[in-house]
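Undergrad: One file is attached below, structure.pdb, containing PDB, C-alpha atoms.
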ATOM      1  CA  MET A 186     -24.464  11.121  10.814
ATOM      2  CA  LYS A 187     -24.468   7.451  11.812
ATOM      3  CA  ALA A 188     -21.268   6.096  13.318
ATOM      4  CA  ILE A 189     -19.970   3.239  15.439
ATOM      5  CA  ARG A 190     -18.733   4.491  18.797
ATOM      6  CA  ILE A 191     -16.970   2.775  21.676
ATOM      7  CA  HIS A 192     -17.540   4.211  25.161
ATOM      8  CA  GLN A 193     -15.637   1.530  27.089
ATOM      9  CA  PHE A 194     -13.141  -1.180  26.223
ATOM     10  CA  GLY A 195     -14.449  -4.719  26.069
ATOM     11  CA  GLY A 196     -16.092  -7.327  23.869
ATOM     12  CA  THR A 197     -18.015  -6.797  20.654
ATOM     13  CA  ASP A 198     -21.026  -5.605  22.666
ATOM     14  CA  VAL A 199     -19.296  -2.230  23.239
ATOM     15  CA  LEU A 200     -19.639  -1.409  19.517
ATOM     16  CA  LYS A 201     -22.630   0.957  19.355
ATOM     17  CA  LEU A 202     -24.333   2.487  16.308
ATOM     18  CA  GLU A 203     -25.135   6.089  17.241
ATOM     19  CA  ASP A 204     -26.019   9.497  15.820
ATOM     20  CA  VAL A 205     -23.029  11.832  16.145
ATOM     21  CA  PRO A 206     -22.100  15.233  14.674
ATOM     22  CA  GLU A 207     -20.504  15.209  11.234
ATOM     23  CA  PRO A 208     -16.759  15.966  11.466
ATOM     24  CA  VAL A 209     -15.311  19.138   9.980
ATOM     25  CA  ALA A 210     -12.096  19.083   7.952
ATOM     26  CA  LYS A 211      -9.410  21.595   8.914
ATOM     27  CA  GLN A 212      -6.639  22.970   6.735
ATOM     28  CA  GLY A 213      -4.631  20.143   5.206
ATOM     29  CA  GLU A 214      -7.438  17.641   5.740
ATOM     30  CA  LEU A 215     -10.177  16.099   3.599
ATOM     31  CA  LEU A 216     -13.762  15.240   4.480
ATOM     32  CA  ILE A 217     -14.598  11.817   3.037
ATOM     33  CA  ARG A 218     -18.027  10.372   2.361
ATOM     34  CA  VAL A 219     -17.223   6.857   3.550
ATOM     35  CA  ARG A 220     -18.388   3.986   1.363
ATOM     36  CA  ALA A 221     -16.368   1.086   2.806
ATOM     37  CA  VAL A 222     -14.127   0.419   5.816
ATOM     38  CA  GLY A 223     -11.386  -2.175   6.183
ATOM     39  CA  VAL A 224     -11.415  -4.309   9.347
ATOM     40  CA  ASN A 225      -8.156  -5.578  10.871
ATOM     41  CA  PRO A 226      -7.173  -7.732  13.867
ATOM     42  CA  VAL A 227      -5.645  -4.646  15.505
ATOM     43  CA  ASP A 228      -9.130  -3.084  15.582
ATOM     44  CA  THR A 229     -10.232  -5.872  17.931
ATOM     45  CA  TYR A 230      -7.182  -5.426  20.182
ATOM     46  CA  VAL A 231      -7.817  -1.690  20.506
ATOM     47  CA  ARG A 232     -11.515  -2.277  21.183
ATOM     48  CA  ALA A 233     -10.680  -4.801  23.901
ATOM     49  CA  GLY A 234      -8.208  -2.408  25.548
ATOM     50  CA  THR A 235      -5.292  -4.829  25.177
ATOM     51  CA  TYR A 236      -3.359  -2.818  22.579
ATOM     52  CA  ALA A 237      -0.347  -0.728  23.558
ATOM     53  CA  VAL A 238      -2.054   2.469  22.378
ATOM     54  CA  LYS A 239      -5.428   3.282  23.901
ATOM     55  CA  PRO A 240      -7.523   6.002  22.258
ATOM     56  CA  GLU A 241      -9.407   8.534  24.333
ATOM     57  CA  LEU A 242     -12.983   7.376  24.994
ATOM     58  CA  PRO A 243     -15.428   7.551  23.352
ATOM     59  CA  TYR A 244     -13.949   6.961  19.925
ATOM     60  CA  ILE A 245     -15.011   5.880  16.437
ATOM     61  CA  PRO A 246     -12.961   2.841  15.338
ATOM     62  CA  GLY A 247     -11.490   2.163  11.914
ATOM     63  CA  GLY A 248      -8.189   3.222  10.380
ATOM     64  CA  GLU A 249      -8.691   2.667   6.634
ATOM     65  CA  LEU A 250     -11.467   3.503   4.223
ATOM     66  CA  ALA A 251     -12.592   4.159   0.687
ATOM     67  CA  GLY A 252     -15.026   6.828  -0.395
ATOM     68  CA  GLU A 253     -15.471  10.168  -2.112
ATOM     69  CA  VAL A 254     -13.940  13.533  -1.239
ATOM     70  CA  VAL A 255     -16.480  16.143  -0.140
ATOM     71  CA  GLY A 256     -15.670  19.750  -1.052
ATOM     72  CA  GLY A 257     -12.469  21.477  -2.145
ATOM     73  CA  PRO A 258     -10.456  20.997  -5.348
ATOM     74  CA  ARG A 259     -10.622  17.206  -5.043
ATOM     75  CA  ALA A 260     -14.429  17.118  -4.572
ATOM     76  CA  GLY A 261     -15.961  13.932  -5.954
ATOM     77  CA  GLN A 262     -12.631  12.123  -6.314
ATOM     78  CA  ARG A 263     -12.747   8.425  -5.448
ATOM     79  CA  VAL A 264     -10.010   7.676  -2.913
ATOM     80  CA  PHE A 265      -8.699   5.127  -0.487
ATOM     81  CA  ALA A 266      -7.170   6.484   2.698
ATOM     82  CA  VAL A 267      -5.153   5.281   5.655
ATOM     83  CA  GLY A 268      -4.872   6.811   9.118
ATOM     84  CA  THR A 269      -7.953   8.816  10.055
ATOM     85  CA  VAL A 270      -7.506  11.761  12.424
ATOM     86  CA  GLY A 271      -7.841   9.576  15.497
ATOM     87  CA  ALA A 272      -7.037  12.244  18.080
ATOM     88  CA  ARG A 273     -10.375  13.861  17.211
ATOM     89  CA  GLN A 274     -12.269  10.555  17.345
ATOM     90  CA  THR A 275     -13.035  10.721  13.603
ATOM     91  CA  GLY A 276     -12.517   7.031  12.817
ATOM     92  CA  ALA A 277     -13.579   5.359   9.588
ATOM     93  CA  CYS A 278     -16.649   3.495  10.894
ATOM     94  CA  ALA A 279     -19.004   6.336  10.075
ATOM     95  CA  GLU A 280     -20.843   7.966   7.191
ATOM     96  CA  PHE A 281     -18.186  10.701   7.074
ATOM     97  CA  ALA A 282     -14.575  10.798   8.241
ATOM     98  CA  VAL A 283     -11.665  13.223   8.139
ATOM     99  CA  VAL A 284      -8.207  12.237   6.888
ATOM    100  CA  ARG A 285      -4.983  14.122   6.291
ATOM    101  CA  GLU A 286      -4.862  15.174   2.643
ATOM    102  CA  GLU A 287      -1.575  13.417   1.916
ATOM    103  CA  THR A 288      -2.917  10.056   3.114
ATOM    104  CA  ALA A 289      -5.775   9.912   0.565
ATOM    105  CA  TYR A 290      -4.805   8.215  -2.708
ATOM    106  CA  PRO A 291      -6.733   7.949  -6.005
ATOM    107  CA  LEU A 292      -8.872   4.812  -6.285
ATOM    108  CA  PRO A 293      -8.799   3.527  -9.886
ATOM    109  CA  ASP A 294     -12.202   3.368 -11.556
ATOM    110  CA  HIS A 295     -11.932  -0.376 -12.188
ATOM    111  CA  LEU A 296     -11.898  -1.097  -8.432
ATOM    112  CA  THR A 297     -14.949  -1.078  -6.151
ATOM    113  CA  PHE A 298     -15.092   0.879  -2.913
ATOM    114  CA  ALA A 299     -14.916  -2.436  -1.026
ATOM    115  CA  GLN A 300     -11.697  -3.262  -2.851
ATOM    116  CA  GLY A 301     -10.433   0.231  -2.087
ATOM    117  CA  ALA A 302     -10.954  -0.297   1.639
ATOM    118  CA  ALA A 303      -8.947  -3.532   1.356
ATOM    119  CA  ILE A 304      -5.859  -1.692   0.105
ATOM    120  CA  PRO A 305      -4.317   0.658   2.719
ATOM    121  CA  ILE A 306      -3.241  -1.513   5.641
ATOM    122  CA  ALA A 307      -2.997  -4.910   3.914
ATOM    123  CA  PHE A 308      -1.007  -3.754   0.894
ATOM    124  CA  GLY A 309       1.000  -1.200   2.864
ATOM    125  CA  SER A 310       1.989  -3.818   5.442
ATOM    126  CA  ALA A 311       2.822  -6.358   2.750
ATOM    127  CA  TRP A 312       5.015  -3.877   0.871
ATOM    128  CA  ARG A 313       6.926  -2.803   3.985
ATOM    129  CA  ALA A 314       7.385  -6.403   5.122
ATOM    130  CA  LEU A 315       8.689  -7.562   1.755
ATOM    131  CA  PHE A 316      10.953  -4.642   0.866
ATOM    132  CA  ASP A 317      11.604  -2.298   3.797
ATOM    133  CA  ARG A 318      12.220  -5.080   6.311
ATOM    134  CA  GLY A 319      12.723  -8.213   4.190
ATOM    135  CA  HIS A 320      14.792  -6.597   1.400
ATOM    136  CA  LEU A 321      13.283  -9.005  -1.114
ATOM    137  CA  GLN A 322      14.951  -9.233  -4.521
ATOM    138  CA  ALA A 323      13.848 -10.817  -7.779
ATOM    139  CA  ALA A 324      14.478 -14.572  -8.031
ATOM    140  CA  GLN A 325      14.560 -14.991  -4.242
ATOM    141  CA  THR A 326      12.157 -17.409  -2.588
ATOM    142  CA  VAL A 327       9.599 -16.026  -0.136
ATOM    143  CA  LEU A 328       7.305 -18.063   2.120
ATOM    144  CA  ILE A 329       4.066 -16.280   3.005
ATOM    145  CA  HIS A 330       2.121 -17.785   5.881
ATOM    146  CA  GLY A 331      -1.636 -17.195   5.827
ATOM    147  CA  ALA A 332      -1.342 -16.300   2.163
ATOM    148  CA  SER A 333      -5.104 -16.252   1.534
ATOM    149  CA  GLY A 334      -5.788 -13.521   4.109
ATOM    150  CA  GLY A 335      -5.747  -9.760   3.635
ATOM    151  CA  VAL A 336      -2.037  -9.093   4.114
ATOM    152  CA  GLY A 337      -1.073 -12.506   2.750
ATOM    153  CA  SER A 338      -2.962 -12.185  -0.533
ATOM    154  CA  ALA A 339      -1.456  -8.715  -1.012
ATOM    155  CA  ALA A 340       2.059 -10.019  -0.305
ATOM    156  CA  VAL A 341       1.673 -12.882  -2.805
ATOM    157  CA  GLN A 342       0.728 -10.486  -5.602
ATOM    158  CA  ILE A 343       3.391  -7.884  -4.819
ATOM    159  CA  ALA A 344       6.182 -10.457  -4.486
ATOM    160  CA  ALA A 345       5.180 -12.268  -7.670
ATOM    161  CA  ALA A 346       4.978  -8.965  -9.567
ATOM    162  CA  HIS A 347       8.585  -8.259  -8.560
ATOM    163  CA  GLY A 348       9.916 -11.578  -9.824
ATOM    164  CA  ALA A 349      10.116 -13.529  -6.566
ATOM    165  CA  ILE A 350       9.378 -17.248  -6.263
ATOM    166  CA  VAL A 351       6.363 -17.354  -3.932
ATOM    167  CA  ILE A 352       5.434 -20.199  -1.587
ATOM    168  CA  GLY A 353       2.111 -19.723   0.199
ATOM    169  CA  THR A 354       0.232 -21.551   2.926
ATOM    170  CA  ALA A 355      -3.539 -21.728   3.389
ATOM    171  CA  SER A 356      -5.771 -24.108   5.290
ATOM    172  CA  SER A 357      -8.648 -24.684   2.835
ATOM    173  CA  ASP A 358      -8.936 -25.863  -0.759
ATOM    174  CA  VAL A 359     -10.590 -22.567  -1.690
ATOM    175  CA  GLY A 360      -7.819 -20.578  -0.008
ATOM    176  CA  GLN A 361      -5.101 -22.627  -1.684
ATOM    177  CA  LYS A 362      -6.660 -22.114  -5.113
ATOM    178  CA  LEU A 363      -6.867 -18.366  -4.482
ATOM    179  CA  VAL A 364      -3.181 -18.195  -3.522
ATOM    180  CA  ARG A 365      -2.190 -20.191  -6.594
ATOM    181  CA  ASP A 366      -4.304 -17.950  -8.843
ATOM    182  CA  LEU A 367      -2.635 -14.855  -7.358
ATOM    183  CA  GLY A 368       0.781 -16.007  -8.526
ATOM    184  CA  ALA A 369       2.253 -18.421  -5.975
ATOM    185  CA  ALA A 370       4.509 -21.100  -7.454
ATOM    186  CA  HIS A 371       3.802 -23.532  -4.608
ATOM    187  CA  VAL A 372       0.907 -23.702  -2.127
ATOM    188  CA  PHE A 373       0.690 -25.954   0.920
ATOM    189  CA  ASN A 374      -1.859 -26.639   3.636
ATOM    190  CA  HIS A 375      -0.369 -25.532   6.959
ATOM    191  CA  LYS A 376      -2.674 -27.971   8.773
ATOM    192  CA  ASP A 377      -0.870 -30.849   7.087
ATOM    193  CA  ALA A 378       1.716 -32.205   9.530
ATOM    194  CA  THR A 379       4.202 -32.632   6.673
ATOM    195  CA  TYR A 380       3.851 -29.175   5.086
ATOM    196  CA  ARG A 381       7.268 -27.985   6.298
ATOM    197  CA  ASP A 382       8.887 -31.015   4.701
ATOM    198  CA  GLN A 383       7.022 -30.176   1.492
ATOM    199  CA  ILE A 384       8.450 -26.622   1.608
ATOM    200  CA  ARG A 385      11.981 -27.944   2.054
ATOM    201  CA  SER A 386      11.469 -30.297  -0.883
ATOM    202  CA  ALA A 387      10.106 -27.457  -3.048
ATOM    203  CA  THR A 388      13.312 -25.481  -2.431
ATOM    204  CA  GLY A 389      15.575 -28.427  -3.127
ATOM    205  CA  GLY A 390      16.535 -28.503   0.551
ATOM    206  CA  LYS A 391      18.017 -24.992   0.418
ATOM    207  CA  GLY A 392      15.247 -23.306   2.366
ATOM    208  CA  VAL A 393      13.575 -19.938   1.758
ATOM    209  CA  ASP A 394      15.240 -16.540   1.653
ATOM    210  CA  LEU A 395      12.387 -14.682   3.342
ATOM    211  CA  ILE A 396       9.395 -15.599   5.501
ATOM    212  CA  ILE A 397       6.427 -13.249   6.012
ATOM    213  CA  GLU A 398       5.064 -14.395   9.367
ATOM    214  CA  MET A 399       1.453 -13.628  10.364
ATOM    215  CA  LEU A 400       1.299 -15.804  13.493
ATOM    216  CA  ALA A 401       4.724 -15.744  15.108
ATOM    217  CA  ASN A 402       3.534 -17.202  18.417
ATOM    218  CA  VAL A 403       2.802 -20.457  16.579
ATOM    219  CA  ASN A 404       5.363 -20.620  13.770
ATOM    220  CA  LEU A 405       8.510 -18.675  14.639
ATOM    221  CA  ASP A 406      10.591 -21.511  16.098
ATOM    222  CA  HIS A 407       9.846 -23.697  13.058
ATOM    223  CA  ASP A 408      10.477 -20.782  10.685
ATOM    224  CA  LEU A 409      14.117 -20.708  11.737
ATOM    225  CA  ASP A 410      14.568 -24.227  10.394
ATOM    226  CA  LEU A 411      13.029 -23.291   7.047
ATOM    227  CA  LEU A 412      15.332 -20.351   6.341
ATOM    228  CA  ALA A 413      18.149 -20.504   3.817
ATOM    229  CA  PRO A 414      21.564 -19.121   4.847
ATOM    230  CA  SER A 415      21.317 -15.363   5.557
ATOM    231  CA  GLY A 416      17.514 -15.616   5.385
ATOM    232  CA  THR A 417      15.093 -13.401   7.291
ATOM    233  CA  VAL A 418      11.785 -13.791   9.104
ATOM    234  CA  VAL A 419       9.640 -10.646   9.143
ATOM    235  CA  ILE A 420       7.022 -10.695  11.894
ATOM    236  CA  VAL A 421       3.807  -9.045  10.734
ATOM    237  CA  GLY A 422       1.513 -10.537  13.379
ATOM    238  CA  SER A 423       1.599 -12.423  16.668
ATOM    239  CA  ARG A 424      -1.039 -13.278  19.254
ATOM    240  CA  GLY A 425       1.147 -14.281  22.171
ATOM    241  CA  ARG A 426       4.587 -15.379  23.357
ATOM    242  CA  ILE A 427       6.790 -18.186  22.042
ATOM    243  CA  GLU A 428      10.004 -19.854  23.102
ATOM    244  CA  ILE A 429      12.701 -20.223  20.433
ATOM    245  CA  ASP A 430      16.221 -21.618  20.313
ATOM    246  CA  PRO A 431      18.534 -18.720  19.330
ATOM    247  CA  ARG A 432      21.195 -21.223  18.236
ATOM    248  CA  ARG A 433      19.092 -21.888  15.150
ATOM    249  CA  THR A 434      20.001 -18.421  13.885
ATOM    250  CA  MET A 435      23.752 -18.821  14.318
ATOM    251  CA  ALA A 436      25.164 -21.308  11.828
ATOM    252  CA  LYS A 437      23.119 -19.935   8.911
ATOM    253  CA  GLU A 438      23.399 -16.334  10.207
ATOM    254  CA  THR A 439      19.673 -15.729   9.845
ATOM    255  CA  SER A 440      17.653 -12.772  11.138
ATOM    256  CA  ILE A 441      14.343 -12.082  12.863
ATOM    257  CA  THR A 442      12.848  -8.633  12.447
ATOM    258  CA  GLY A 443       9.547  -6.974  13.279
ATOM    259  CA  MET A 444       7.327  -4.751  11.174
ATOM    260  CA  MET A 445       4.586  -2.235  11.838
ATOM    261  CA  LEU A 446       3.070  -0.159   9.053
ATOM    262  CA  TRP A 447       3.150   3.154  10.915
ATOM    263  CA  SER A 448       6.816   2.770  11.861
ATOM    264  CA  GLY A 449       7.765   3.608   8.295
ATOM    265  CA  GLY A 450       7.221   7.308   8.986
ATOM    266  CA  GLU A 451       5.517   9.772   6.654
ATOM    267  CA  ALA A 452       8.285   9.754   4.045
ATOM    268  CA  GLY A 453       8.459   5.974   4.080
ATOM    269  CA  LEU A 454       4.705   5.558   3.723
ATOM    270  CA  LYS A 455       4.611   8.038   0.859
ATOM    271  CA  ARG A 456       7.144   5.889  -0.982
ATOM    272  CA  VAL A 457       5.235   2.680  -0.165
ATOM    273  CA  TYR A 458       1.912   3.968  -1.494
ATOM    274  CA  ALA A 459       3.556   5.455  -4.578
ATOM    275  CA  GLY A 460       4.637   1.933  -5.506
ATOM    276  CA  ILE A 461       1.251   0.433  -4.702
ATOM    277  CA  THR A 462      -0.804   3.023  -6.595
ATOM    278  CA  ALA A 463       1.429   2.614  -9.670
ATOM    279  CA  LEU A 464       0.760  -1.141  -9.754
ATOM    280  CA  LEU A 465      -2.958  -0.637  -9.073
ATOM    281  CA  ALA A 466      -3.238   1.802 -11.971
ATOM    282  CA  ARG A 467      -1.661  -0.812 -14.283
ATOM    283  CA  LYS A 468      -4.089  -3.455 -12.970
ATOM    284  CA  ALA A 469      -1.131  -5.486 -11.711
ATOM    285  CA  LEU A 470      -2.712  -5.891  -8.261
ATOM    286  CA  THR A 471      -6.220  -7.019  -7.297
ATOM    287  CA  PRO A 472      -7.437  -6.383  -3.726
ATOM    288  CA  ILE A 473      -9.255  -9.499  -2.514
ATOM    289  CA  VAL A 474     -12.431  -8.957  -0.479
ATOM    290  CA  GLY A 475     -13.594 -11.992   1.465
ATOM    291  CA  SER A 476     -16.628 -10.520   3.222
ATOM    292  CA  GLU A 477     -18.747  -7.404   2.796
ATOM    293  CA  ILE A 478     -20.683  -6.717   6.006
ATOM    294  CA  PRO A 479     -23.088  -3.814   6.721
ATOM    295  CA  LEU A 480     -21.743  -1.180   9.118
ATOM    296  CA  ALA A 481     -24.499  -1.940  11.633
ATOM    297  CA  GLU A 482     -23.154  -5.514  11.899
ATOM    298  CA  VAL A 483     -19.646  -4.414  12.867
ATOM    299  CA  ALA A 484     -19.600  -6.895  15.763
ATOM    300  CA  ARG A 485     -19.812  -9.759  13.254
ATOM    301  CA  ALA A 486     -16.924  -8.251  11.303
ATOM    302  CA  HIS A 487     -14.777  -8.066  14.477
ATOM    303  CA  GLU A 488     -15.474 -11.751  15.099
ATOM    304  CA  GLU A 489     -14.861 -12.852  11.521
ATOM    305  CA  VAL A 490     -11.525 -11.052  11.160
ATOM    306  CA  MET A 491     -10.116 -13.189  13.984
ATOM    307  CA  GLN A 492     -11.166 -16.526  12.470
ATOM    308  CA  ASP A 493      -8.707 -18.900  10.814
ATOM    309  CA  GLY A 494      -8.930 -19.754   7.139
ATOM    310  CA  SER A 495      -9.973 -16.338   5.838
ATOM    311  CA  GLN A 496      -9.934 -15.500   2.136
ATOM    312  CA  GLY A 497      -9.120 -11.839   1.567
ATOM    313  CA  LYS A 498     -10.216  -8.810   3.536
ATOM    314  CA  VAL A 499     -13.196  -8.269   5.831
ATOM    315  CA  VAL A 500     -14.858  -5.015   4.767
ATOM    316  CA  LEU A 501     -17.717  -2.973   6.251
ATOM    317  CA  ILE A 502     -20.113  -1.377   3.780
ATOM    318  CA  VAL A 503     -21.406   2.053   4.795
TER     319      VAL A 503
END
Written as C-alpha cells, how would this file's structure read?
TA:
Amino acid sequence: MKAIRIHQFGGTDVLKLEDVPEPVAKQGELLIRVRAVGVNPVDTYVRAGTYAVKPELPYIPGGELAGEVVGGPRAGQRVFAVGTVGARQTGACAEFAVVREETAYPLPDHLTFAQGAAIPIAFGSAWRALFDRGHLQAAQTVLIHGASGGVGSAAVQIAAAHGAIVIGTASSDVGQKLVRDLGAAHVFNHKDATYRDQIRSATGGKGVDLIIEMLANVNLDHDLDLLAPSGTVVIVGSRGRIEIDPRRTMAKETSITGMMLWSGGEAGLKRVYAGITALLARKALTPIVGSEIPLAEVARAHEEVMQDGSQGKVVLIV
C-alpha cells in the first residue's frame, strides 16, 4: 500500500510517500480502508521532534481518520476513528490503517469522509474543554478564541447546542461569518486592537464565564482580565511561554486549567464520543472542512495547518 513515512525528525521534507506492507488487524482491532485523514498542529510538532512523545522511527503519521471497515462483522461500515495503533507504526496517512475496535464510531450517511476525518480530535477536544475541564452550563457565556478553526468551529456548535451564549473571535470576514452562522451570538476580529473592549461591552462589563484558549502564549495574560468572577480559562493550545500576573486570578477567584484529549482516559473518551455521535446523528453538528489536500501533498497540509486565519479542518484525501 501507499503510505507517508517519516524516517527522521525534521521539516516537511522528511514526509515521504512510500510503498509499505499493508497492516494486519489483531484481535480487538479493525482494519480500515482510509478515505480521509485529519491534520493537526500536533502532527507537525511530532514530525519536527519537538513534542514530548517521540514515536519509534520510521513511523506513519496521523491520529484520526475516516473510512470503511475491511472484514469482520462490521465490514463495509463507514466510520471515523481516533488513535491509530501507533506502537506498530500504523498511522492514518496510508491507504489502510489499524485502529482499536472501540475507537471506531459510525459515520452518518449524510456526512462525507472528509467531514468524518474532521470529527475525532477537533470535536473530542472541544467537548472535553467545554465540559470536562470548563464545566460549561446552559446560559453561561463562553469566549472561543480562533473560533473559525477546527477545534474552534466544533466548540462553537457544541456550546450553542447546549444553550450557552457564545462569543467567537476570527481574523477574516469569511471566518467571522462562518462563526456567526455556526451559532455564535457575538463575533469579533482578534486583530482589532479594541476587540477585548468589545467583548467586555457585549457582556455588560461582567466578563465571560469560560474561555477556550487556542494560543495561550499570546492571550493568557489578557484572558484573565476578561473573566467573570469564578471564571475559567481552559488551555487547548500554546506555542510557547508567557508571563502572567497571578494577582489577576485572586480577587475574582478565577482558574486556569489545561486540557489534552488523551488525558480523559478510555472511559472518559467513550463518554465524550457518545455525546458527539448522538448530536451528529441528529444533524445538530456539522464538521467544517477548510481544505481537502491529496495525501501525496501532505507537506502542504503540514504547512497550512500552522497558518493563522484558518476556516475549519485541514484534511488529507486518500
Undergrad: Check which residues satisfy the PyMOL selection byres ((chain A and resi 419) around 9) in the file shown, then give them as JSON, numbers by chain.
TA: {"A": [314, 315, 318, 319, 395, 396, 397, 398, 399, 417, 418, 420, 421, 440, 441, 442, 443, 444]}
Undergrad: Neighbours of A:Arg381 within 10 Å (all atoms listed in the file; same-chain residues fewer than 6 positions away dropped), as a list in words?
TA: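 In the requested format, the answer is Phe373, Asn374, His375, Ala387, His407, Asp408, Asp410 and Leu411 of chain A.
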Undergrad: Between atom CA of A:Ala307 and atom CA of A:Ile478, measure the distance and give it in Å to one decimal.
TA: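 Distance between the two atoms: 17.9 Å.
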Undergrad: For the PyMOL selection byres ((chain A and resi 265) around 8), applied here, can you spell out every residue it catches as a PDB file with C-alpha atoms, in the coordinates of the input?
TA:
ATOM      1  CA  GLU A 249      -8.691   2.667   6.634  1.00  0.00           C
ATOM      2  CA  LEU A 250     -11.467   3.503   4.223  1.00  0.00           C
ATOM      3  CA  ALA A 251     -12.592   4.159   0.687  1.00  0.00           C
ATOM      4  CA  GLY A 252     -15.026   6.828  -0.395  1.00  0.00           C
ATOM      5  CA  ARG A 263     -12.747   8.425  -5.448  1.00  0.00           C
ATOM      6  CA  VAL A 264     -10.010   7.676  -2.913  1.00  0.00           C
ATOM      7  CA  ALA A 266      -7.170   6.484   2.698  1.00  0.00           C
ATOM      8  CA  VAL A 267      -5.153   5.281   5.655  1.00  0.00           C
ATOM      9  CA  ALA A 289      -5.775   9.912   0.565  1.00  0.00           C
ATOM     10  CA  TYR A 290      -4.805   8.215  -2.708  1.00  0.00           C
ATOM     11  CA  PRO A 291      -6.733   7.949  -6.005  1.00  0.00           C
ATOM     12  CA  LEU A 292      -8.872   4.812  -6.285  1.00  0.00           C
ATOM     13  CA  GLY A 301     -10.433   0.231  -2.087  1.00  0.00           C
ATOM     14  CA  ALA A 302     -10.954  -0.297   1.639  1.00  0.00           C
ATOM     15  CA  ILE A 304      -5.859  -1.692   0.105  1.00  0.00           C
ATOM     16  CA  PRO A 305      -4.317   0.658   2.719  1.00  0.00           C
TER      17      PRO A 305
END
Undergrad: Using the chain letters and numbering of this document, enumerate as a list of chain:residue names the residues selected by the PyMOL selection byres ((chain A and resi 355) around 10).
TA: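 What the PyMOL selection byres ((chain A and resi 355) around 10) grabs from the file is A:Ile329, A:His330, A:Gly331, A:Ala332, A:Ser333, A:Gly334, A:Gly337, A:Gly353, A:Thr354, A:Ser356, A:Ser357, A:Asp358, A:Val359, A:Gly360, A:Gln361, A:Lys362, A:Leu363, A:Val364, A:Val372, A:Phe373, A:Asn374, A:His375, A:Lys376, A:Asp493, A:Gly494, A:Ser495, A:Gln496.
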Undergrad: Let me know the centre plus edge lengths, in Å and rounded to one decimal, of a box with edges along x, y and z that contains all listed atoms of stretch 317-331 of chain A and is padded by 8 Å on every side, as JSON.
TA:
{"center_x": 6.7, "center_y": -10.2, "center_z": -0.9, "size_x": 32.6, "size_y": 31.8, "size_z": 30.3}
